[in-house]
file upload-v7.csv (CSV, C-alpha atoms and all ligand atoms)
chain,number,residue,atom,x,y,z
A,1,MET,CA,17.9,35.0,-9.6
A,2,TYR,CA,14.3,33.6,-9.3
A,3,THR,CA,13.3,34.7,-12.9
A,4,SER,CA,15.6,32.2,-14.6
A,5,PHE,CA,14.7,29.4,-12.2
A,6,GLN,CA,11.0,30.2,-12.6
A,7,LYS,CA,11.4,29.9,-16.4
A,8,HIS,CA,13.2,26.6,-16.0
A,9,LEU,CA,10.4,25.2,-13.8
A,10,SER,CA,7.6,26.5,-16.1
A,11,GLY,CA,9.3,24.8,-19.0
A,12,ILE,CA,9.3,21.5,-17.3
A,13,ILE,CA,5.8,21.8,-16.0
A,14,ASP,CA,4.6,22.7,-19.6
A,15,GLU,CA,6.4,19.5,-20.9
A,16,ILE,CA,4.6,17.5,-18.2
A,17,ARG,CA,1.3,19.0,-19.3
A,18,GLU,CA,1.9,18.4,-23.0
A,19,ALA,CA,2.8,14.8,-22.4
A,20,GLY,CA,-0.6,14.5,-20.7
A,21,LEU,CA,1.0,13.5,-17.4
A,22,TYR,CA,0.0,16.5,-15.3
A,23,LYS,CA,-1.7,15.4,-12.1
A,24,ASN,CA,-4.8,17.2,-11.1
A,25,GLU,CA,-6.4,16.8,-7.7
A,26,ARG,CA,-10.1,16.3,-7.2
A,27,VAL,CA,-11.3,18.1,-4.1
A,28,ILE,CA,-13.5,16.1,-1.7
A,29,VAL,CA,-15.7,18.0,0.8
A,30,SER,CA,-17.2,15.0,2.7
A,31,PRO,CA,-15.7,12.3,4.9
A,32,GLN,CA,-14.0,9.5,3.0
A,33,GLY,CA,-16.5,6.6,2.4
A,34,ALA,CA,-18.4,4.5,-0.2
A,35,GLU,CA,-20.1,7.7,-1.3
A,36,ILE,CA,-18.3,11.0,-1.3
A,37,THR,CA,-19.2,14.6,-2.2
A,38,LEU,CA,-16.8,16.5,-4.6
A,39,SER,CA,-16.3,20.3,-4.4
A,40,THR,CA,-18.4,20.6,-7.6
A,41,GLY,CA,-21.3,19.3,-5.5
A,42,GLN,CA,-21.4,16.0,-7.4
A,43,LYS,CA,-21.9,12.9,-5.3
A,44,VAL,CA,-20.0,9.9,-6.5
A,45,LEU,CA,-19.3,6.3,-5.5
A,46,ASN,CA,-15.6,6.0,-4.5
A,47,PHE,CA,-13.7,3.1,-6.1
A,48,CYS,CA,-10.2,4.5,-5.9
A,49,ALA,CA,-9.5,4.9,-2.2
A,50,ASN,CA,-7.2,2.7,-0.1
A,51,ASN,CA,-10.1,2.6,2.4
A,52,TYR,CA,-10.3,-1.2,2.2
A,53,LEU,CA,-12.1,-1.9,5.5
A,54,GLY,CA,-14.2,1.3,5.3
A,55,LEU,CA,-12.6,2.6,8.5
A,56,SER,CA,-11.7,6.1,7.3
A,57,ALA,CA,-14.8,7.6,8.8
A,58,ASP,CA,-15.7,4.8,11.2
A,59,LYS,CA,-17.6,6.0,14.3
A,60,SER,CA,-15.8,4.0,16.9
A,61,LEU,CA,-12.4,5.1,15.5
A,62,VAL,CA,-13.5,8.7,15.6
A,63,GLU,CA,-14.7,8.2,19.2
A,64,ALA,CA,-11.3,6.6,20.2
A,65,ALA,CA,-9.5,9.5,18.5
A,66,THR,CA,-11.7,12.1,20.2
A,67,LYS,CA,-11.2,10.6,23.6
A,68,ALA,CA,-7.4,10.6,23.2
A,69,LEU,CA,-7.6,14.2,21.9
A,70,ASN,CA,-9.2,15.1,25.2
A,71,ASP,CA,-7.0,12.9,27.4
A,72,HIS,CA,-3.7,13.3,25.7
A,73,GLY,CA,-3.9,16.6,23.8
A,74,TYR,CA,-3.2,17.3,20.2
A,75,GLY,CA,0.5,16.8,19.5
A,76,MET,CA,3.7,15.4,21.1
A,77,SER,CA,6.1,18.1,19.9
A,78,SER,CA,9.0,15.7,20.1
A,79,VAL,CA,10.7,12.7,18.6
A,80,ARG,CA,10.2,9.4,20.5
A,81,PHE,CA,13.5,9.1,22.3
A,82,ILE,CA,13.3,12.6,23.8
A,83,CYS,CA,9.8,13.1,25.1
A,84,GLY,CA,7.6,11.9,22.3
A,85,THR,CA,6.6,8.5,23.6
A,86,SER,CA,3.1,8.2,25.1
A,87,ASP,CA,1.5,5.1,26.6
A,88,LEU,CA,-0.7,5.0,23.5
A,89,HIS,CA,2.4,4.6,21.2
A,90,LYS,CA,3.7,1.7,23.3
A,91,GLU,CA,0.2,0.0,23.4
A,92,LEU,CA,-0.2,0.4,19.6
A,93,GLU,CA,3.3,-1.1,19.0
A,94,LYS,CA,2.4,-4.1,21.1
A,95,LYS,CA,-1.0,-4.5,19.4
A,96,ILE,CA,0.6,-4.4,15.9
A,97,ALA,CA,3.1,-7.1,16.9
A,98,GLY,CA,0.2,-9.2,18.3
A,99,PHE,CA,-1.7,-8.8,15.0
A,100,PHE,CA,1.1,-10.0,12.8
A,101,GLY,CA,2.5,-12.6,15.3
A,102,THR,CA,5.8,-10.8,15.4
A,103,GLU,CA,8.1,-9.9,18.4
A,104,ASP,CA,8.1,-6.1,18.4
A,105,THR,CA,7.1,-3.0,16.5
A,106,ILE,CA,8.4,0.5,15.8
A,107,LEU,CA,6.2,3.3,14.7
A,108,TYR,CA,7.0,5.9,12.1
A,109,ALA,CA,5.2,9.0,10.7
A,110,ALA,CA,4.4,7.0,7.5
A,111,CYS,CA,5.4,3.8,5.8
A,112,PHE,CA,7.4,5.9,3.4
A,113,ASP,CA,9.6,6.6,6.5
A,114,ALA,CA,9.6,3.0,7.7
A,115,ASN,CA,10.9,1.9,4.3
A,116,GLY,CA,13.3,4.9,4.1
A,117,GLY,CA,14.8,4.0,7.5
A,118,VAL,CA,14.9,0.2,7.5
A,119,PHE,CA,17.9,-0.7,5.3
A,120,GLU,CA,20.7,1.7,6.2
A,121,PRO,CA,20.9,0.9,10.0
A,122,LEU,CA,20.8,-2.9,9.3
A,123,LEU,CA,23.1,-3.5,6.3
A,124,GLY,CA,26.5,-2.4,5.0
A,125,GLU,CA,28.6,-2.6,1.9
A,126,GLU,CA,29.4,-6.2,2.5
A,127,ASP,CA,25.7,-7.1,2.3
A,128,ALA,CA,23.1,-7.5,-0.5
A,129,ILE,CA,19.6,-6.3,-0.9
A,130,ILE,CA,17.6,-8.3,-3.5
A,131,SER,CA,14.5,-6.3,-4.5
A,132,ASP,CA,11.5,-7.0,-6.7
A,133,ALA,CA,11.5,-4.7,-9.8
A,134,LEU,CA,8.0,-3.4,-9.0
A,135,ASN,CA,8.6,-2.6,-5.3
A,136,HIS,CA,7.1,0.7,-4.0
A,137,ALA,CA,9.0,4.0,-4.5
A,138,SER,CA,9.8,4.2,-0.7
A,139,ILE,CA,11.6,0.8,-0.8
A,140,ILE,CA,13.6,2.0,-3.8
A,141,ASP,CA,14.5,5.2,-2.0
A,142,GLY,CA,15.3,3.3,1.2
A,143,VAL,CA,17.7,1.0,-0.7
A,144,ARG,CA,19.4,4.0,-2.2
A,145,LEU,CA,20.2,5.3,1.2
A,146,CYS,CA,21.9,2.1,2.2
A,147,LYS,CA,25.5,1.1,1.2
A,148,ALA,CA,24.5,-2.6,0.6
A,149,GLN,CA,25.0,-4.0,-2.9
A,150,ARG,CA,21.8,-3.9,-5.0
A,151,PHE,CA,20.2,-6.8,-6.9
A,152,ARG,CA,16.9,-6.6,-8.7
A,153,TYR,CA,14.6,-9.4,-9.9
A,154,ALA,CA,11.7,-9.3,-12.4
A,155,ASN,CA,8.3,-8.9,-10.7
A,156,ALA,CA,7.4,-12.1,-8.7
A,157,ASP,CA,9.8,-14.0,-11.0
A,158,MET,CA,11.3,-16.8,-8.8
A,159,GLU,CA,13.8,-18.0,-11.4
A,160,ASP,CA,15.2,-14.6,-11.6
A,161,LEU,CA,15.2,-14.2,-7.8
A,162,GLU,CA,17.2,-17.5,-7.5
A,163,ALA,CA,19.7,-16.3,-10.1
A,164,GLN,CA,20.2,-13.0,-8.1
A,165,LEU,CA,20.6,-14.9,-4.9
A,166,LYS,CA,23.3,-17.0,-6.5
A,167,SER,CA,25.1,-13.8,-7.6
A,168,ALA,CA,24.9,-12.5,-4.1
A,169,MET,CA,26.3,-15.6,-2.4
A,170,ASN,CA,29.7,-14.0,-1.6
A,171,CYS,CA,28.0,-11.2,0.4
A,172,ARG,CA,27.8,-11.4,4.2
A,173,PHE,CA,24.0,-11.1,4.6
A,174,ARG,CA,21.3,-11.2,2.0
A,175,LEU,CA,17.9,-9.5,2.4
A,176,ILE,CA,15.1,-10.2,-0.1
A,177,VAL,CA,12.5,-7.5,-0.1
A,178,SER,CA,9.0,-7.5,-1.7
A,179,ASP,CA,5.7,-5.7,-1.6
A,180,GLY,CA,3.0,-8.0,-0.3
A,181,VAL,CA,0.5,-6.8,-2.9
A,182,PHE,CA,1.6,-4.9,-6.0
A,183,SER,CA,-0.6,-1.9,-6.3
A,184,MET,CA,-1.1,-1.7,-10.1
A,185,ASP,CA,-2.0,-5.4,-10.8
A,186,GLY,CA,-3.2,-6.4,-7.4
A,187,ASN,CA,-1.1,-9.6,-7.6
A,188,VAL,CA,0.2,-11.1,-4.4
A,189,ALA,CA,3.9,-11.8,-3.9
A,190,PRO,CA,4.6,-15.6,-4.0
A,191,LEU,CA,5.9,-15.4,-0.4
A,192,ASP,CA,5.9,-19.2,0.1
A,193,ARG,CA,8.4,-19.6,-2.7
A,194,ILE,CA,10.4,-16.5,-1.6
A,195,VAL,CA,10.8,-17.9,1.9
A,196,ALA,CA,11.8,-21.3,0.5
A,197,LEU,CA,14.5,-19.7,-1.6
A,198,ALA,CA,15.6,-17.6,1.4
A,199,GLU,CA,16.1,-20.8,3.3
A,200,LYS,CA,18.0,-22.4,0.5
A,201,TYR,CA,20.3,-19.4,0.0
A,202,ASP,CA,20.5,-18.3,3.6
A,203,ALA,CA,18.7,-14.9,3.2
A,204,LEU,CA,16.5,-12.7,5.3
A,205,VAL,CA,13.0,-11.7,4.1
A,206,MET,CA,11.2,-8.4,4.3
A,207,VAL,CA,7.7,-7.8,3.1
A,208,ASP,CA,5.8,-4.5,2.8
A,209,GLU,CA,2.2,-5.2,3.8
A,210,SER,CA,0.8,-1.7,3.0
A,211,HIS,CA,-1.8,-3.0,0.4
A,212,SER,CA,-2.2,-6.4,2.0
A,213,ALA,CA,-2.6,-5.8,5.8
A,214,GLY,CA,-6.3,-5.9,6.6
A,215,VAL,CA,-7.0,-7.3,3.2
A,216,VAL,CA,-5.2,-10.5,2.3
A,217,GLY,CA,-5.7,-13.7,4.4
A,218,ASN,CA,-8.9,-14.9,5.9
A,219,THR,CA,-8.5,-12.6,8.9
A,220,GLY,CA,-6.6,-9.8,7.1
A,221,ARG,CA,-3.2,-10.5,8.6
A,222,GLY,CA,-1.7,-10.1,5.2
A,223,VAL,CA,0.4,-12.3,2.9
A,224,THR,CA,2.1,-14.1,5.8
A,225,GLU,CA,-1.3,-15.4,6.8
A,226,LEU,CA,-2.3,-16.3,3.2
A,227,TYR,CA,0.8,-18.5,3.0
A,228,ASN,CA,0.8,-19.8,6.6
A,229,LEU,CA,4.1,-18.0,7.3
A,230,LYS,CA,3.0,-15.9,10.3
A,231,GLY,CA,6.1,-14.9,12.3
A,232,ARG,CA,8.4,-16.5,9.8
A,233,VAL,CA,9.6,-13.4,7.9
A,234,GLU,CA,12.2,-11.2,9.7
A,235,ILE,CA,10.8,-7.8,8.7
A,236,ILE,CA,7.3,-6.5,7.9
A,237,THR,CA,6.5,-2.9,7.1
A,238,GLY,CA,3.1,-1.4,6.7
A,239,THR,CA,0.9,1.7,6.9
A,240,LEU,CA,-1.9,3.0,9.1
A,241,GLY,CA,-2.8,5.1,6.0
A,242,LYS,CA,-4.7,2.5,4.0
A,243,ALA,CA,-6.9,-0.3,5.4
A,244,PHE,CA,-5.9,0.5,9.0
A,245,GLY,CA,-8.0,3.7,9.3
A,246,GLY,CA,-6.5,5.7,6.5
A,247,ALA,CA,-5.1,8.6,8.6
A,248,ILE,CA,-1.3,8.6,8.8
A,249,GLY,CA,1.4,6.5,10.3
A,250,GLY,CA,3.7,3.6,9.4
A,251,PHE,CA,5.4,0.8,11.2
A,252,THR,CA,8.1,-1.9,11.0
A,253,THR,CA,7.4,-5.1,12.9
A,254,GLY,CA,9.5,-8.2,13.2
A,255,ARG,CA,12.4,-9.7,15.1
A,256,LYS,CA,13.2,-8.2,18.4
A,257,GLU,CA,16.8,-7.3,17.8
A,258,ILE,CA,16.0,-5.7,14.4
A,259,ILE,CA,13.4,-3.4,15.9
A,260,GLU,CA,15.8,-2.6,18.8
A,261,MET,CA,18.5,-1.6,16.3
A,262,LEU,CA,16.0,0.6,14.4
A,263,ARG,CA,15.1,2.4,17.6
A,264,GLN,CA,18.8,3.2,18.0
A,265,ARG,CA,19.8,4.0,14.5
A,266,SER,CA,16.9,4.6,12.1
A,267,ARG,CA,17.0,8.2,11.0
A,268,PRO,CA,13.3,8.9,10.2
A,269,TYR,CA,12.6,7.6,13.7
A,270,LEU,CA,15.3,9.5,15.5
A,271,PHE,CA,14.9,12.8,13.6
A,272,SER,CA,11.1,13.1,13.0
A,273,ASN,CA,8.1,13.8,15.2
A,274,SER,CA,6.0,11.0,16.7
A,275,ILE,CA,2.5,10.4,15.4
A,276,PRO,CA,-0.2,12.2,17.4
A,277,PRO,CA,-1.7,10.2,20.3
A,278,LEU,CA,-5.1,10.4,18.8
A,279,VAL,CA,-3.9,8.5,15.7
A,280,ALA,CA,-2.3,5.9,18.0
A,281,ALA,CA,-5.6,5.6,20.0
A,282,ALA,CA,-7.6,5.0,16.8
A,283,GLY,CA,-5.0,2.5,15.7
A,284,ILE,CA,-5.4,0.5,18.9
A,285,ARG,CA,-9.2,0.5,18.5
A,286,MET,CA,-8.8,-0.6,14.9
A,287,ILE,CA,-6.8,-3.6,15.8
A,288,GLU,CA,-9.2,-4.5,18.6
A,289,MET,CA,-12.1,-4.4,16.1
A,290,MET,CA,-10.2,-6.7,13.7
A,291,THR,CA,-9.5,-9.1,16.5
A,292,GLU,CA,-13.0,-9.1,18.1
A,293,THR,CA,-14.8,-9.9,14.8
A,294,ASN,CA,-14.0,-10.8,11.2
A,295,THR,CA,-17.0,-8.9,9.8
A,296,LEU,CA,-15.1,-6.3,7.9
A,297,GLN,CA,-12.6,-8.7,6.4
A,298,ASP,CA,-15.4,-11.0,5.4
A,299,LYS,CA,-17.4,-8.2,3.8
A,300,LEU,CA,-14.3,-7.0,1.9
A,301,HIS,CA,-13.6,-10.5,0.6
A,302,ARG,CA,-17.3,-11.0,-0.5
A,303,ASN,CA,-17.3,-7.6,-2.2
A,304,SER,CA,-14.1,-8.2,-4.1
A,305,GLU,CA,-15.3,-11.6,-5.3
A,306,TYR,CA,-18.7,-10.2,-6.3
A,307,PHE,CA,-17.3,-7.3,-8.3
A,308,ILE,CA,-14.7,-9.4,-10.1
A,309,GLU,CA,-17.1,-12.1,-11.0
A,310,GLY,CA,-19.6,-9.6,-12.3
A,311,MET,CA,-17.0,-7.9,-14.4
A,312,LYS,CA,-15.6,-11.2,-15.8
A,313,LYS,CA,-19.2,-12.3,-16.7
A,314,LEU,CA,-19.6,-9.2,-18.8
A,315,GLY,CA,-16.4,-10.1,-20.6
A,316,PHE,CA,-14.0,-7.5,-19.2
A,317,ASP,CA,-10.3,-8.4,-19.2
A,318,ILE,CA,-9.3,-8.5,-15.5
A,319,LYS,CA,-5.8,-9.2,-14.2
A,320,PRO,CA,-5.5,-12.2,-11.9
A,321,THR,CA,-5.8,-10.8,-8.4
A,322,ARG,CA,-6.0,-12.1,-4.8
A,323,SER,CA,-6.4,-8.6,-3.2
A,324,ALA,CA,-9.0,-5.8,-3.2
A,325,ILE,CA,-7.4,-4.3,-6.3
A,326,CYS,CA,-9.0,-5.1,-9.6
A,327,ALA,CA,-7.2,-4.0,-12.8
A,328,VAL,CA,-9.6,-3.7,-15.7
A,329,MET,CA,-7.3,-3.9,-18.7
A,330,LEU,CA,-8.0,-1.5,-21.6
A,331,TYR,CA,-4.4,-1.4,-23.0
A,332,ASP,CA,-4.9,2.0,-24.8
A,333,ALA,CA,-3.9,5.1,-22.7
A,334,LYS,CA,-6.4,7.5,-24.3
A,335,LEU,CA,-9.2,5.0,-24.0
A,336,SER,CA,-8.4,4.5,-20.2
A,337,GLN,CA,-8.8,8.3,-19.7
A,338,GLU,CA,-12.0,8.5,-21.7
A,339,PHE,CA,-13.4,5.5,-19.9
A,340,ALA,CA,-12.7,6.9,-16.5
A,341,ALA,CA,-14.1,10.3,-17.4
A,342,ARG,CA,-17.4,8.7,-18.6
A,343,LEU,CA,-17.6,6.6,-15.5
A,344,LEU,CA,-17.3,9.8,-13.4
A,345,GLY,CA,-20.2,11.2,-15.4
A,346,GLU,CA,-22.1,8.0,-14.3
A,347,GLY,CA,-21.2,8.7,-10.7
A,348,ILE,CA,-18.4,6.2,-10.4
A,349,TYR,CA,-15.0,7.5,-9.3
A,350,VAL,CA,-12.1,5.5,-10.6
A,351,ILE,CA,-8.7,6.3,-12.1
A,352,GLY,CA,-7.2,5.2,-15.4
A,353,PHE,CA,-3.5,4.5,-15.3
A,354,TYR,CA,-1.1,4.4,-18.2
A,355,PHE,CA,2.6,4.6,-19.0
A,356,PRO,CA,4.9,5.4,-17.2
A,357,VAL,CA,2.9,4.3,-14.1
A,358,VAL,CA,2.2,0.9,-15.8
A,359,PRO,CA,4.1,-0.6,-18.8
A,360,LYS,CA,3.5,0.8,-22.3
A,361,GLY,CA,0.4,-0.6,-23.9
A,362,GLU,CA,-1.0,-1.8,-20.6
A,363,ALA,CA,-3.3,1.0,-19.7
A,364,ARG,CA,-6.1,0.1,-17.3
A,365,ILE,CA,-8.6,1.3,-14.8
A,366,ARG,CA,-7.8,0.3,-11.3
A,367,VAL,CA,-10.8,-0.4,-9.1
A,368,GLN,CA,-10.3,-0.7,-5.4
A,369,LEU,CA,-13.0,-2.5,-3.4
A,370,SER,CA,-14.0,-1.7,0.2
A,371,ALA,CA,-16.0,-3.1,3.0
A,372,ALA,CA,-17.7,0.2,2.9
A,373,HIS,CA,-19.4,-0.7,-0.4
A,374,GLU,CA,-22.9,-2.2,-0.3
A,375,THR,CA,-24.1,-4.7,-3.0
A,376,GLU,CA,-26.1,-1.9,-4.5
A,377,HIS,CA,-22.9,0.2,-4.9
A,378,LEU,CA,-21.2,-2.7,-6.6
A,379,ASP,CA,-24.2,-3.3,-8.9
A,380,ARG,CA,-24.2,0.4,-9.9
A,381,ALA,CA,-20.5,0.3,-10.7
A,382,ILE,CA,-20.8,-2.9,-12.7
A,383,ALA,CA,-23.7,-1.4,-14.6
A,384,ALA,CA,-21.8,1.8,-15.4
A,385,PHE,CA,-18.8,-0.3,-16.6
A,386,GLU,CA,-21.2,-2.2,-18.8
A,387,LYS,CA,-22.8,0.9,-20.3
A,388,THR,CA,-19.5,2.6,-20.9
A,389,GLY,CA,-17.9,-0.6,-22.2
A,390,ARG,CA,-20.5,-0.9,-24.9
A,391,GLU,CA,-20.4,2.8,-25.8
A,392,LEU,CA,-16.6,2.7,-26.3
A,393,GLY,CA,-16.6,-0.7,-28.0
A,394,VAL,CA,-14.7,-2.4,-25.3
A,395,LEU,CA,-17.5,-5.0,-24.8
A,396,LYS,CA,-18.3,-6.5,-28.2
A,397,ASN,CA,-21.6,-8.3,-27.7
B,401,LIG,C1,1.2,3.3,0.3
B,401,LIG,C2,2.4,2.5,0.4
B,401,LIG,C3,3.5,3.0,1.1
B,401,LIG,C4,3.5,4.4,1.8
B,401,LIG,O1,2.7,4.4,2.9
B,401,LIG,P1,2.4,5.8,3.7
B,401,LIG,O2,2.2,5.4,5.1
B,401,LIG,O3,1.3,6.5,3.0
B,401,LIG,O4,3.7,6.5,3.5
B,401,LIG,C5,4.6,2.2,1.3
B,401,LIG,N1,4.7,1.0,0.6
B,401,LIG,C6,3.7,0.5,-0.1
B,401,LIG,C7,3.8,-0.8,-0.8
B,401,LIG,C8,2.5,1.3,-0.3
B,401,LIG,O5,1.6,0.8,-1.0

call {"tool": "encode", "arguments": {"input": "upload-v7.csv", "output": "structure tokens"}}
result
Amino acid sequence: MYTSFQKHLSGIIDEIREAGLYKNERVIVSPQGAEITLSTGQKVLNFCANNYLGLSADKSLVEAATKALNDHGYGMSSVRFICGTSDLHKELEKKIAGFFGTEDTILYAACFDANGGVFEPLLGEEDAIISDALNHASIIDGVRLCKAQRFRYANADMEDLEAQLKSAMNCRFRLIVSDGVFSMDGNVAPLDRIVALAEKYDALVMVDESHSAGVVGNTGRGVTELYNLKGRVEIITGTLGKAFGGAIGGFTTGRKEIIEMLRQRSRPYLFSNSIPPLVAAAGIRMIEMMTETNTLQDKLHRNSEYFIEGMKKLGFDIKPTRSAICAVMLYDAKLSQEFAARLLGEGIYVIGFYFPVVPKGEARIRVQLSAAHETEHLDRAIAAFEKTGRELGVLKN
């Protein structure tokens, strides 16, 4: 039996390879940080991690995790409602709600699960979900698992959102859902206008802060801070796997009754293990750090501005961004791959993206800034972009 299935799979894998879409994984042998060591021995500056606040190898997070490892052991061996809830889980949930100015929080193994488990328990076939066309895969999958009617609007297009809201007016409840920051362009969802439309058309709002929590807003509270809407959206989802320490874990935070219902009915919560106590302990420490000082958030904002200004001055075509994601537009797929390969040769690790990850003819290199970067790192990256840009004829003068 396996022989024919094997042939089938090999055929598809060959097609993926021929289309140039085969994903290879680079092996890192050091902790995650501004500078990392690859398995080849090469040391490179890392500009493609979601390590926005530089916390992935932070000493005080490692200390908090180590202490919890000794106090609480390694794993919980249970889902939350049987015997998988520790004091650390409860404390982290409270801390996350405090951070976002929400009423309550529920933890998941990942934000993929938070998004996978948020729609189905809350909405039924008489309801509507109105989703941004560029929302994350986990939101798309979560919507698929729910019986609600589906409406889609063009990325951040408020005219289209209004049209979709009008089409959904005969539904019982309407939920608008958007990423806070869209990961390929780095653009921020126009949450002020989304909330205004929600009020006009009597809809609920959900925002996924995975790329914006810790990053967007003066104190890193995300897009609800940027638009002065703290506590005004019904549902926020997010990850502990990006700015918040980068290990694993996700959450949904928002209105009390919504979280209560998820604890009763959300399938990835009810049927999947709880995060290890050491991850919860590091999460608690992380929120404490972000509350005690604004040093990391400030440094990230300074670094992002510095890099983007430097690149613009050289004449690179940069997508408008208000996040720590900087899309350097090259348009041509092959050029984006060649450019990234040469940058790696210069010791700068970035990824070139092209269709189908981004629209056809919009190939780019995505640079992700971090509070772990020092000015010297940013200067080295800008210099490598300049050198490569001239060699490949992207920079003309
Ligand atoms: C990364 C990401 C997720 C998934 O987060 P995990 O915790 O890694 O599963 C979900 N939504 C968005 C918008 C993301 O960027």

call {"tool": "residues_near_ligand", "arguments": {"input": "upload-v7.csv", "ligand": "ligand LIG 401 (chain B)", "cutoff": "8 Å", "atoms": "only C-alpha atoms and all ligand atoms", "output": "MDAnalysis selection string"}}
result
chainID A and resid 109:113 115 135:139 179:183 208:211 237:242 248:250

call {"tool": "residues_around", "arguments": {"input": "upload-v7.csv", "residues": "Glu199 in chain A", "least_positions_apart": "6", "cutoff": "12 Å", "atoms": "all atoms listed in the file", "output": "mmCIF file with C-alpha atoms, keeping the file's coordinate frame"}}
result
data_model
loop_
_atom_site.group_PDB
_atom_site.id
_atom_site.type_symbol
_atom_site.label_atom_id
_atom_site.label_comp_id
_atom_site.auth_asym_id
_atom_site.auth_seq_id
_atom_site.Cartn_x
_atom_site.Cartn_y
_atom_site.Cartn_z
ATOM 1 C CA GLU A 162 17.200 -17.500 -7.500
ATOM 2 C CA LEU A 165 20.600 -14.900 -4.900
ATOM 3 C CA ARG A 174 21.300 -11.200 2.000
ATOM 4 C CA LEU A 175 17.900 -9.500 2.400
ATOM 5 C CA ILE A 176 15.100 -10.200 -0.100
ATOM 6 C CA ASP A 192 5.900 -19.200 0.100
ATOM 7 C CA ARG A 193 8.400 -19.600 -2.700
ATOM 8 C CA VAL A 205 13.000 -11.700 4.100
ATOM 9 C CA ARG A 232 8.400 -16.500 9.800
ATOM 10 C CA VAL A 233 9.600 -13.400 7.900
#

call {"tool": "residues_around", "arguments": {"input": "upload-v7.csv", "residues": "Ala64 in chain A", "least_positions_apart": "5", "cutoff": "10 Å", "atoms": "all atoms listed in the file", "output": "list in words"}}
result
Lys59, Leu69, Leu278, Val279, Ala280, Ala281, Ala282, Gly283, Ile284, Arg285 and Met286 of chain A

call {"tool": "write_last_selection", "arguments": {"input": "upload-v7.csv", "atoms": "C-alpha atoms", "output": "mmCIF file, in the frame of the given file"}}
result
data_model
loop_
_atom_site.group_PDB
_atom_site.id
_atom_site.type_symbol
_atom_site.label_atom_id
_atom_site.label_comp_id
_atom_site.auth_asym_id
_atom_site.auth_seq_id
_atom_site.Cartn_x
_atom_site.Cartn_y
_atom_site.Cartn_z
ATOM 1 C CA LYS A 59 -17.600 6.000 14.300
ATOM 2 C CA LEU A 69 -7.600 14.200 21.900
ATOM 3 C CA LEU A 278 -5.100 10.400 18.800
ATOM 4 C CA VAL A 279 -3.900 8.500 15.700
ATOM 5 C CA ALA A 280 -2.300 5.900 18.000
ATOM 6 C CA ALA A 281 -5.600 5.600 20.000
ATOM 7 C CA ALA A 282 -7.600 5.000 16.800
ATOM 8 C CA GLY A 283 -5.000 2.500 15.700
ATOM 9 C CA ILE A 284 -5.400 0.500 18.900
ATOM 10 C CA ARG A 285 -9.200 0.500 18.500
ATOM 11 C CA MET A 286 -8.800 -0.600 14.900
#

call {"tool": "residues_around", "arguments": {"input": "upload-v7.csv", "residues": "range 273-277 of chain A", "least_positions_apart": "4", "cutoff": "6 Å", "atoms": "only C-alpha atoms", "output": "ChimeraX atom specification"}}
result
/A:75,78-80,84,109

call {"tool": "closest_residue", "arguments": {"input": "upload-v7.csv", "among": "A:Ile348, A:Met261, A:Ile36, A:Ala333", "to": "Lys360 in chain A", "atoms": "all atoms listed in the file"}}
result
A:Ala333

call {"tool": "atom_distance", "arguments": {"input": "upload-v7.csv", "atom1": "CA of Leu335 in chain A", "atom2": "CA of Phe353 in chain A"}}
result
10.4 Å

call {"tool": "closest_residue", "arguments": {"input": "upload-v7.csv", "among": "A:Gln337, A:Thr388, A:Ser266, A:Ser304", "to": "Leu21 in chain A", "atoms": "all atoms listed in the file"}}
result
A:Gln337

call {"tool": "closest_residue", "arguments": {"input": "upload-v7.csv", "among": "A:Ala381, A:Ala243, A:Ile129, A:Leu270", "to": "Ile308 in chain A", "atoms": "all atoms listed in the file"}}
result
A:Ala381

call {"tool": "closest_residue", "arguments": {"input": "upload-v7.csv", "among": "A:Ala34, A:Asn155, A:Ile236, A:Thr252", "to": "Tyr108 in chain A", "atoms": "all atoms listed in the file"}}
result
A:Thr252

call {"tool": "closest_residue", "arguments": {"input": "upload-v7.csv", "among": "A:Val215, A:Val143, A:Cys83, A:Leu344", "to": "Asn303 in chain A", "atoms": "all atoms listed in the file"}}
result
A:Val215

call {"tool": "residues_around", "arguments": {"input": "upload-v7.csv", "residues": "Arg342 in chain A", "least_positions_apart": "2", "cutoff": "12 Å", "atoms": "all atoms listed in the file", "output": "mmCIF file with C-alpha atoms, in the coordinates of the input"}}
result
data_model
loop_
_atom_site.group_PDB
_atom_site.id
_atom_site.type_symbol
_atom_site.label_atom_id
_atom_site.label_comp_id
_atom_site.auth_asym_id
_atom_site.auth_seq_id
_atom_site.Cartn_x
_atom_site.Cartn_y
_atom_site.Cartn_z
ATOM 1 C CA LEU A 335 -9.200 5.000 -24.000
ATOM 2 C CA SER A 336 -8.400 4.500 -20.200
ATOM 3 C CA GLN A 337 -8.800 8.300 -19.700
ATOM 4 C CA GLU A 338 -12.000 8.500 -21.700
ATOM 5 C CA PHE A 339 -13.400 5.500 -19.900
ATOM 6 C CA ALA A 340 -12.700 6.900 -16.500
ATOM 7 C CA LEU A 344 -17.300 9.800 -13.400
ATOM 8 C CA GLY A 345 -20.200 11.200 -15.400
ATOM 9 C CA GLU A 346 -22.100 8.000 -14.300
ATOM 10 C CA GLY A 347 -21.200 8.700 -10.700
ATOM 11 C CA ILE A 348 -18.400 6.200 -10.400
ATOM 12 C CA TYR A 349 -15.000 7.500 -9.300
ATOM 13 C CA VAL A 350 -12.100 5.500 -10.600
ATOM 14 C CA ILE A 351 -8.700 6.300 -12.100
ATOM 15 C CA GLY A 352 -7.200 5.200 -15.400
ATOM 16 C CA ALA A 381 -20.500 0.300 -10.700
ATOM 17 C CA ALA A 384 -21.800 1.800 -15.400
ATOM 18 C CA PHE A 385 -18.800 -0.300 -16.600
ATOM 19 C CA GLU A 386 -21.200 -2.200 -18.800
ATOM 20 C CA LYS A 387 -22.800 0.900 -20.300
ATOM 21 C CA THR A 388 -19.500 2.600 -20.900
ATOM 22 C CA GLY A 389 -17.900 -0.600 -22.200
ATOM 23 C CA ARG A 390 -20.500 -0.900 -24.900
ATOM 24 C CA GLU A 391 -20.400 2.800 -25.800
ATOM 25 C CA LEU A 392 -16.600 2.700 -26.300
#
